[in-house]
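**Q** This structure is in structure tokens; I'll ask about it shortly.
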Amino acid sequence: MAILPELSLLSAAVAFFALSLSRQLDSVQIRNTAVSFGIVTFICSLISLGAHQVVFMGAYQVDLFSQFFKLVISLGLVFVLIAGQNLRDIEQEIRPEYYMFLFLSCLGLMSLVSSVELITLFVSLELSSFSLYLMVPMRSDQKGLRMQMEAGIKYILFGVFATGCMLYGMSYIFGLTGTTYIKDIVPGLQKVASEPAAFFAVVMVLTGFFYKLAIFPMHFWVPDIYQGASNETTGFVATVPKLGAVALLIRFVILLPGHTSLLVDLLMVLAICSMFYGNLCALVQTDVKRLLGYSGIAHAGFILLGLLTLKVSGYATVMYYIAGYVFMNIACYMVLSNVSAGGENLEITDLNGLHRRQPMLAFVLAVGLFALAGIPPMVGFMGEFMFLAGALREGHIILVSLAAVNAGIAIYYYLMVIKAAYTADPGDRPAVEINGLTRFTGVILVLIILLMGAFPSKIIAFAGTAVQTIM
Amino acid sequence: MDCLILKEGFPLLSFLIFFPLAGAVVLFFFSGERFARWWTLCITTVEAIASLPLITGFDTTTVKFQFAEMHRWIPQWHINYILGVDGISILLVLLSTLIMPFCVLASWRYIKTRVTQFMICLLIMQVSMVGLFVALDFMLFWVFWEFMLIPMYLLIAVWGGPRKEYASVKFFIYTMAGSVFLLVAIIALYLKNGSFFIPDMMWKNYSTTFQMLVFLAFFLAFAIKVPMFPFHTWLPAAHVEAPTAGSVILASVLLKMGTYGMLRFCLPITPEATFTLAPYILWLSIAGIMYGGFTALAQHDMKKLVAYSSVGHMGFVTLGIFILNSRGIEGAIMQMINHGVTTGALFLCVGMIYERTHSRELRLATGVGKYMPWYVTFLAFFSLSSFGFPGTNSFIGEFLVLAGTFTVSKPLALAAIPGTVLAAAYMLRMLQKIIWGGTDNPDQSYLNDLGFREIITLAPFLFFVFWIGLGPQPFIDMMHTSVVNLLQQLGEWQQHASVAALILQ
């Protein structure tokens, strides 16, 4: 019962493996199968929300914390599947494989948030990463597009480097404490808290997750991979895997004994660099996906603001914010993958006059971007506010001021996209047709973004309880 | 929480906030231009009528917040949903509910494309305007303060003039950039007090540095909204490009949010910084009055002329606020209402001529007096009101402000007086050109005079011009108790501070 969502994902992956062997493929059937598996997984996650169990010889812990993330992962998966249902730039023959890797990647993420043992954790992380490495180059090269190959190679090289750092850190942790179980690592590290090696080990492990979350200076892969991968793939890469990274960052930051002021300083510097780097680079982008990639770097900086409070309320805010972040971004990517007629990348000008070509998508895009920009009462604002309030409570006045400045900078580039969609003349750009399912999902996403922002207290309280269970 | 008089029974203020929202949601499902117009007119009229019990039920003898409502919202951060009105906010709430039906009427023909969406924007705008003036929780205030940017941005960006993209983005970024530190200040105040309840934050002994920083954060945000010279540059652009209804809302209600913020937050929360910085702000106000006057004198675009005159008028409001006596502040609040009525009406007038000539150029609108007698009658009265002719509303406000200024500082008052002369100069110049023009008037014989709808739109404004101008006492009565209390607290605080300073010496 406890690992129902994982089993559901695994069966989905196996099913798609079987489908990939078949010769006669119907794209509508494949899509419907994928969406149904996504919904089944979501239902499974709902069922097993309250489960509490330790399985696989203590390596795998199902608790409220992990189930919270699994629920958001599965919901995000459903939205990604619906948002990217067209797969215009993925060739028909490899679509089953594409979905197989997508589900495997989610399986990796789900087992990642439940792993409480370093080897399990590593295997889960690699399962999720390697599926992504394969999904990125799966873009049709019929039209002579070669960008995806470059993106795929970059992704794997940067990824392997980050993994290397993380493994190195893990080896230190094992060397210092003699165990790979997180619950034993905590007291073990406390004994050697004064050793620089302990600090070094934890920071190296964190590096791996900084890479996933795209925090400066581990962000270099973001813009190129976002640009090179197809719109649908980027919609997944940019959203759901961040949940796993955040979950593990929380698990590891909680670990660190002593030396916390040093860690806080480090996180602070990284947060400021990420925010400024992401926002300033985003200002000059013309490709929407690159723009969203840089904005993602800036948002990762904001997430560190919550982590570095080292408080339950801070972690709860991070969980709330990352969930909101996933939905805001999926809303934007849903618009991109529907507007892009042949699956090509979109310039900001390609969104011109979207409010005439498809008012619904323009509205979803505006809500998503305004939410990312942190306009109340949407979820992005509430998260941002709680980050600022939490950090200010810890006395980081300079950090908070710089973050506020960044919120001011960020509005410009979001507004440029909204401006294109709402004020520019469509010219001869064609109208965009969307089906009922997309329409419905758009409404649901908008409602989630608005309601999560207007009534955050329940979710924050739930996330707080979830964090308590792992401390 | 003892400064609240909780309202039993029907939650009137919540109704006023959320009723237009419900109306907007309905419009999401029924689109049809005719329906959208009539529906929005109905909603805003019902809203205006529903706000009338605020006048009848308002107790002018108490300083407490009336019609108050209180609910928990986000307990983790002690954020509550608290509403209430007092003498400072009640007139502004009424202004924003009463003006909306006329904005709808003014857009009846003016808006030709995407009518439903336009009406949704107007209704959502109303939600945030009313919400902002009645919010007593700082986070609630902030939510409305920021959220308002979206409908206003869309009003300018989608239905605006030729340079709408520039104007709307400038408006958005200017206002947003000004208010990012406001949020930091709000959080800092929360951390000192443990709650976001606004009255809890007032009259506390914060340190001097803290007060100065908070005041500056407040002031930057509010001065941009007002807009005070030299933060005014977004205003002419936004006004010129906005559709008529957008200009009216912008001039009548949005600008008041800045001065309301100064009265509600700057004075009571950071009194020490207010006393220290008031002289500078006073001279900045004078600069705004003069600057607005001279720039308006040079305009060829009617909307720009009225927009720059706003800068001058709002200079009088800030002058009245920071002169820190009861005449000044009462005059400032009166002037806020007057500016809402008069400038709103002037923008309506400009919009009406624009609908006919499709130009806002003063040169192309010369000599219409012969063909549009009704129109120029209205225009003449509003122009007279705009430069504070005795017997019209602005006279009362400006007179009170200047009288208050005289009792404090003669040089300051003398410096402000040329501003009123300038106002007469630019308004009469515009009036002369529009009514009579010169020998080379363009052919205006094709113009029709005002229709029934347009007269209905303008008449109530004229009514208020004369009512406030001839019998302002009911209006002053409504605010008097709150203003006196505010100044009394300020005086007590100052005495307290000087005693403390003596002891320290």
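Ligands are numbered from 1 in the order shown, chains are lettered A, B, ... in the order of the structure tokens, and residues start at 1 in each chain.
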Need to verify the contact set: stretch 100-104 of chain B, 7 Å, only C-alpha atoms, exclusion of same-chain residues closer than 4 positions in sequence. Can you return it as a PyMOL selection string?

**A** chain B and resi 41+44-45+96+108+245+457

**Q** For the residues in that selection, give me N, CA, C and O atoms as a PDB file, in the first residue's frame.

**A**
ATOM      1  N   LEU B  41     -23.155  48.172 -15.719  1.00  0.00           N
ATOM      2  CA  LEU B  41     -23.826  49.365 -15.204  1.00  0.00           C
ATOM      3  C   LEU B  41     -24.687  49.006 -13.998  1.00  0.00           C
ATOM      4  O   LEU B  41     -24.680  49.698 -12.979  1.00  0.00           O
ATOM      5  N   THR B  44     -22.384  48.204 -10.925  1.00  0.00           N
ATOM      6  CA  THR B  44     -21.766  49.371 -10.296  1.00  0.00           C
ATOM      7  C   THR B  44     -22.815  50.267  -9.654  1.00  0.00           C
ATOM      8  O   THR B  44     -22.562  50.886  -8.622  1.00  0.00           O
ATOM      9  N   THR B  45     -24.025  50.312 -10.258  1.00  0.00           N
ATOM     10  CA  THR B  45     -25.068  51.127  -9.644  1.00  0.00           C
ATOM     11  C   THR B  45     -25.517  50.520  -8.322  1.00  0.00           C
ATOM     12  O   THR B  45     -25.665  51.232  -7.323  1.00  0.00           O
ATOM     13  N   SER B  96     -14.942  56.146  -4.525  1.00  0.00           N
ATOM     14  CA  SER B  96     -14.639  55.079  -5.485  1.00  0.00           C
ATOM     15  C   SER B  96     -15.869  54.247  -5.827  1.00  0.00           C
ATOM     16  O   SER B  96     -15.913  53.662  -6.899  1.00  0.00           O
ATOM     17  N   TRP B 108     -19.349  53.686 -22.732  1.00  0.00           N
ATOM     18  CA  TRP B 108     -20.454  53.055 -23.459  1.00  0.00           C
ATOM     19  C   TRP B 108     -20.165  52.953 -24.956  1.00  0.00           C
ATOM     20  O   TRP B 108     -20.281  51.898 -25.557  1.00  0.00           O
ATOM     21  N   ALA B 245     -12.302  56.021 -19.291  1.00  0.00           N
ATOM     22  CA  ALA B 245     -12.635  55.459 -17.981  1.00  0.00           C
ATOM     23  C   ALA B 245     -11.367  55.199 -17.183  1.00  0.00           C
ATOM     24  O   ALA B 245     -11.320  55.430 -15.970  1.00  0.00           O
ATOM     25  N   THR B 457     -24.095  61.569 -17.480  1.00  0.00           N
ATOM     26  CA  THR B 457     -22.786  61.250 -16.931  1.00  0.00           C
ATOM     27  C   THR B 457     -22.180  62.455 -16.235  1.00  0.00           C
ATOM     28  O   THR B 457     -21.574  62.330 -15.163  1.00  0.00           O
TER      29      THR B 457
END

**Q** Identify, on the basis of only C-alpha atoms, every residue whose closest approach to A:Ile418 does not exceed 8 Å; exclude the query and any residue fewer than 3 positions from it along the same chain; express the result as an mmCIF file with N, CA and C atoms, in the first residue's frame.

**A**
data_model
loop_
_atom_site.group_PDB
_atom_site.id
_atom_site.type_symbol
_atom_site.label_atom_id
_atom_site.label_comp_id
_atom_site.auth_asym_id
_atom_site.auth_seq_id
_atom_site.Cartn_x
_atom_site.Cartn_y
_atom_site.Cartn_z
ATOM 1 N N LEU A 365 -1.490 32.293 -19.454
ATOM 2 C CA LEU A 365 -0.117 32.798 -19.468
ATOM 3 C C LEU A 365 0.024 34.008 -18.547
ATOM 4 N N ALA A 366 -0.944 34.921 -18.630
ATOM 5 C CA ALA A 366 -0.861 36.119 -17.798
ATOM 6 C C ALA A 366 -0.899 35.752 -16.319
ATOM 7 N N LEU A 369 2.462 34.137 -15.358
ATOM 8 C CA LEU A 369 3.591 35.063 -15.294
ATOM 9 C C LEU A 369 3.431 36.079 -14.163
ATOM 10 N N TYR A 414 8.821 39.663 -17.203
ATOM 11 C CA TYR A 414 7.512 39.012 -17.250
ATOM 12 C C TYR A 414 6.524 39.903 -17.990
ATOM 13 N N LEU A 415 6.637 41.186 -17.706
ATOM 14 C CA LEU A 415 5.722 42.133 -18.322
ATOM 15 C C LEU A 415 5.925 42.195 -19.830
ATOM 16 N N ALA A 421 1.647 39.342 -25.458
ATOM 17 C CA ALA A 421 0.417 38.570 -25.580
ATOM 18 C C ALA A 421 -0.802 39.469 -25.614
ATOM 19 N N TYR A 422 -0.764 40.581 -24.899
ATOM 20 C CA TYR A 422 -1.978 41.373 -24.756
ATOM 21 C C TYR A 422 -2.041 42.624 -25.607
#

**Q** What are the residues of chain B that have an atom within 10 Å of an atom of chain A, counting only C-alpha atoms, as a ChimeraX atom specification?

**A** /B:73-77,79,114,139-140,142-150,153-154,156-160,164-166,168-170,172-188,190-192

**Q** Store the residues picked out above in a file with C-alpha atoms, as a compact mmCIF listing (two decimals), in the first residue's frame.

**A**
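Below you can see selection_16.txt, which holds the result:
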# COMPACT_ATOMS: atom_id res chain seq x y z
CA TRP B 73 -6.82 34.55 7.42
CA ILE B 74 -3.29 33.20 7.79
CA PRO B 75 -2.80 32.44 11.46
CA GLN B 76 0.84 31.35 11.04
CA TRP B 77 1.82 34.91 10.19
CA ILE B 79 -2.48 37.97 9.12
CA ARG B 114 -13.42 43.47 -26.41
CA MET B 139 -1.03 42.58 4.35
CA LEU B 140 -4.58 42.91 3.14
CA TRP B 142 -0.70 45.33 0.34
CA VAL B 143 -2.59 42.64 -1.55
CA PHE B 144 -5.05 45.21 -2.89
CA TRP B 145 -2.29 47.75 -3.46
CA GLU B 146 -0.31 45.45 -5.72
CA PHE B 147 -3.17 43.58 -7.28
CA MET B 148 -4.64 46.81 -8.57
CA LEU B 149 -1.71 47.12 -10.97
CA ILE B 150 -2.98 44.24 -13.10
CA TYR B 153 -2.16 47.82 -16.60
CA LEU B 154 -4.58 45.97 -18.84
CA ILE B 156 -4.05 51.05 -20.46
CA ALA B 157 -2.26 48.34 -22.40
CA VAL B 158 -5.21 46.84 -24.26
CA TRP B 159 -7.57 49.75 -24.77
CA GLY B 160 -5.06 52.59 -24.72
CA LYS B 164 -0.04 52.32 -24.93
CA GLU B 165 2.78 49.79 -24.60
CA TYR B 166 5.27 52.34 -23.41
CA SER B 168 1.47 50.85 -19.52
CA VAL B 169 4.85 49.28 -18.89
CA LYS B 170 6.17 52.51 -17.45
CA PHE B 172 3.56 49.19 -13.97
CA ILE B 173 7.29 49.22 -13.41
CA TYR B 174 7.39 52.63 -11.78
CA THR B 175 4.69 51.73 -9.28
CA MET B 176 5.99 48.25 -8.63
CA ALA B 177 9.58 49.39 -8.19
CA GLY B 178 8.44 52.08 -5.80
CA SER B 179 6.62 49.66 -3.62
CA VAL B 180 9.09 46.78 -3.24
CA PHE B 181 10.58 48.43 -0.19
CA LEU B 182 7.13 49.11 1.16
CA LEU B 183 6.78 45.35 1.57
CA VAL B 184 10.08 45.17 3.44
CA ALA B 185 8.94 48.02 5.69
CA ILE B 186 5.64 46.25 6.34
CA ILE B 187 7.47 43.07 7.32
CA ALA B 188 9.85 45.00 9.55
CA TYR B 190 5.29 43.20 11.70
CA LEU B 191 8.42 41.83 13.32
CA LYS B 192 8.41 44.71 15.82

**Q** B:Ala223: which residues within 10 Å, counting only C-alpha atoms, same-chain residues fewer than 2 positions away excluded, as a list in words?

**A** Thr175, Gly178, Leu216, Phe218, Phe219, Leu220, Ala221, Lys225, Val226, Pro227, Met228, Phe229, Pro230, Phe231, His232, Leu255, Met257, Gly258, Thr259, Gly261, Met262, Ile281 and Thr318 of chain B

**Q** Residues of stretch 5-244 of chain A in helix (DSSP H, G or I) according to DSSP, as an NGL selection string?

**A** :A and (5-21 or 27-50 or 64-83 or 92-114 or 118-135 or 147-177 or 182-191 or 196-213 or 221-228 or 231-237 or 240-244)

**Q** Taking 2 positions as the minimum chain separation for residues in the same chain, which residues sit within 6 Å of B:Tyr308 when counting only C-alpha atoms? Answer as a list in words.

**A**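 That gives Gly292, Ala296, Leu305, Val306, Ser310 and Val311 of chain B.
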
**Q** Grab the atom CA of A:Asp428 to atom CA of A:Tyr413 distance for me, in Å with one decimal place.

**A** 24.5 Å

**Q** Can you tell me which residues surround A:Gln227 at a distance of at most 12 Å, considering only C-alpha atoms, apart from same-chain residues fewer than 4 positions away, and format the answer as a ChimeraX atom specification?

**A** /A:136-137,139,145-152,154-155,221-223,231-235,237-238,285-294,343-347

**Q** Find the residues near B:Val421: any atom within 12 Å, counting only C-alpha atoms, skip ones fewer than 2 places away on the same chain, and give them as a PyMOL selection string.

**A** chain B and resi 289-290+293-294+297+312+386-389+414-419+423-428

**Q** Go ahead and save the residues from that selection, with all heavy atoms, as a compact mmCIF listing (two decimals), in the first residue's frame.

**A**
# COMPACT_ATOMS: atom_id res chain seq x y z
N ILE B 289 3.62 71.89 -7.33
CA ILE B 289 2.55 72.82 -7.72
C ILE B 289 3.03 73.71 -8.86
O ILE B 289 2.35 73.87 -9.88
CB ILE B 289 2.12 73.68 -6.50
CG1 ILE B 289 1.51 72.80 -5.43
CG2 ILE B 289 1.16 74.76 -6.93
CD1 ILE B 289 1.20 73.52 -4.15
N MET B 290 4.23 74.26 -8.68
CA MET B 290 4.75 75.17 -9.70
C MET B 290 5.04 74.42 -11.00
O MET B 290 4.70 74.87 -12.09
CB MET B 290 6.02 75.87 -9.22
CG MET B 290 5.88 76.63 -7.93
SD MET B 290 4.56 77.84 -8.04
CE MET B 290 5.34 79.05 -9.06
N GLY B 293 1.95 73.42 -12.83
CA GLY B 293 1.32 74.59 -13.42
C GLY B 293 2.01 75.04 -14.69
O GLY B 293 1.38 75.22 -15.73
N PHE B 294 3.33 75.18 -14.61
CA PHE B 294 4.06 75.67 -15.78
C PHE B 294 3.98 74.68 -16.93
O PHE B 294 3.82 75.07 -18.09
CB PHE B 294 5.53 75.95 -15.42
CG PHE B 294 5.72 77.31 -14.81
CD1 PHE B 294 6.15 77.43 -13.50
CD2 PHE B 294 5.44 78.45 -15.54
CE1 PHE B 294 6.32 78.68 -12.93
CE2 PHE B 294 5.60 79.70 -14.97
CZ PHE B 294 6.04 79.82 -13.66
N LEU B 297 0.70 74.74 -18.64
CA LEU B 297 0.54 75.95 -19.44
C LEU B 297 1.07 75.74 -20.86
O LEU B 297 0.63 76.40 -21.80
CB LEU B 297 1.30 77.08 -18.75
CG LEU B 297 0.94 78.52 -19.07
CD1 LEU B 297 -0.55 78.75 -18.89
CD2 LEU B 297 1.71 79.45 -18.16
N GLY B 312 -0.08 69.38 -10.11
CA GLY B 312 -0.19 70.58 -9.29
C GLY B 312 -1.20 70.42 -8.17
O GLY B 312 -0.93 70.73 -7.00
N SER B 386 -11.62 73.71 -11.37
CA SER B 386 -10.26 73.20 -11.33
C SER B 386 -9.28 74.24 -10.79
O SER B 386 -8.33 73.90 -10.10
CB SER B 386 -9.84 72.75 -12.72
OG SER B 386 -8.54 72.25 -12.69
N PHE B 387 -9.48 75.50 -11.12
CA PHE B 387 -8.53 76.46 -10.54
C PHE B 387 -9.07 77.13 -9.28
O PHE B 387 -8.59 78.16 -8.86
CB PHE B 387 -8.03 77.47 -11.58
CG PHE B 387 -9.07 78.40 -12.17
CD1 PHE B 387 -9.47 79.54 -11.48
CD2 PHE B 387 -9.58 78.16 -13.43
CE1 PHE B 387 -10.40 80.40 -12.04
CE2 PHE B 387 -10.51 79.02 -13.99
CZ PHE B 387 -10.93 80.15 -13.30
N GLY B 388 -10.08 76.52 -8.67
CA GLY B 388 -10.46 76.95 -7.34
C GLY B 388 -11.23 78.26 -7.33
O GLY B 388 -10.97 79.15 -6.52
N PHE B 389 -12.17 78.42 -8.24
CA PHE B 389 -13.00 79.62 -8.26
C PHE B 389 -13.94 79.57 -7.06
O PHE B 389 -14.53 78.53 -6.77
CB PHE B 389 -13.79 79.65 -9.56
CG PHE B 389 -14.39 80.98 -9.87
CD1 PHE B 389 -13.59 82.02 -10.33
CD2 PHE B 389 -15.74 81.21 -9.69
CE1 PHE B 389 -14.14 83.26 -10.60
CE2 PHE B 389 -16.29 82.45 -9.96
CZ PHE B 389 -15.49 83.48 -10.42
N LEU B 414 3.11 81.85 0.69
CA LEU B 414 3.33 82.79 -0.41
C LEU B 414 3.86 82.07 -1.64
O LEU B 414 3.51 82.40 -2.76
CB LEU B 414 4.29 83.89 0.03
CG LEU B 414 3.69 84.90 1.00
CD1 LEU B 414 4.75 85.88 1.47
CD2 LEU B 414 2.54 85.64 0.33
N ALA B 415 4.68 81.06 -1.39
CA ALA B 415 5.23 80.31 -2.51
C ALA B 415 4.16 79.50 -3.21
O ALA B 415 4.25 79.24 -4.40
CB ALA B 415 6.36 79.40 -2.04
N ALA B 416 3.12 79.10 -2.45
CA ALA B 416 2.09 78.25 -3.06
C ALA B 416 1.09 79.06 -3.86
O ALA B 416 0.48 78.54 -4.78
CB ALA B 416 1.37 77.45 -1.97
N ILE B 417 0.93 80.32 -3.50
CA ILE B 417 -0.13 81.11 -4.13
C ILE B 417 0.04 81.26 -5.64
O ILE B 417 -0.94 81.14 -6.39
CB ILE B 417 -0.29 82.46 -3.40
CG1 ILE B 417 -1.06 82.14 -2.11
CG2 ILE B 417 -1.04 83.48 -4.25
CD1 ILE B 417 -1.46 83.29 -1.32
N PRO B 418 1.25 81.50 -6.14
CA PRO B 418 1.37 81.56 -7.60
C PRO B 418 0.84 80.32 -8.29
O PRO B 418 0.38 80.40 -9.44
CB PRO B 418 2.88 81.69 -7.83
CG PRO B 418 3.40 82.27 -6.57
CD PRO B 418 2.53 81.76 -5.47
N GLY B 419 0.84 79.19 -7.59
CA GLY B 419 0.31 77.97 -8.17
C GLY B 419 -1.15 78.11 -8.54
O GLY B 419 -1.58 77.66 -9.60
N ALA B 423 -2.84 77.96 -12.21
CA ALA B 423 -3.97 77.08 -12.54
C ALA B 423 -5.01 77.86 -13.32
O ALA B 423 -5.54 77.39 -14.33
CB ALA B 423 -4.56 76.50 -11.27
N ALA B 424 -5.30 79.09 -12.87
CA ALA B 424 -6.26 79.91 -13.60
C ALA B 424 -5.76 80.17 -15.00
O ALA B 424 -6.52 80.09 -15.98
CB ALA B 424 -6.47 81.22 -12.85
N ALA B 425 -4.45 80.41 -15.13
CA ALA B 425 -3.91 80.74 -16.45
C ALA B 425 -4.09 79.58 -17.42
O ALA B 425 -4.61 79.75 -18.52
CB ALA B 425 -2.44 81.12 -16.32
N TYR B 426 -3.69 78.38 -17.01
CA TYR B 426 -3.76 77.30 -18.00
C TYR B 426 -5.18 76.84 -18.25
O TYR B 426 -5.53 76.43 -19.36
CB TYR B 426 -2.82 76.14 -17.68
CG TYR B 426 -3.00 75.41 -16.37
CD1 TYR B 426 -4.06 74.55 -16.17
CD2 TYR B 426 -2.05 75.52 -15.37
CE1 TYR B 426 -4.19 73.86 -14.99
CE2 TYR B 426 -2.16 74.83 -14.18
CZ TYR B 426 -3.24 74.01 -13.99
OH TYR B 426 -3.37 73.32 -12.82
N MET B 427 -6.01 76.91 -17.25
CA MET B 427 -7.39 76.49 -17.45
C MET B 427 -8.15 77.47 -18.33
O MET B 427 -8.89 77.08 -19.24
CB MET B 427 -8.10 76.35 -16.10
CG MET B 427 -7.90 75.00 -15.48
SD MET B 427 -8.53 73.73 -16.58
CE MET B 427 -7.68 72.30 -16.01
N LEU B 428 -7.94 78.77 -18.07
CA LEU B 428 -8.65 79.76 -18.88
C LEU B 428 -8.15 79.73 -20.31
O LEU B 428 -8.92 79.94 -21.25
CB LEU B 428 -8.48 81.15 -18.26
CG LEU B 428 -9.26 81.35 -16.97
CD1 LEU B 428 -9.00 82.72 -16.39
CD2 LEU B 428 -10.75 81.17 -17.22

**Q** Please report the interatomic distance between atom CA of B:Trp493 and atom CA of B:Tyr81 in Å with one decimal.

**A** 28.9 Å
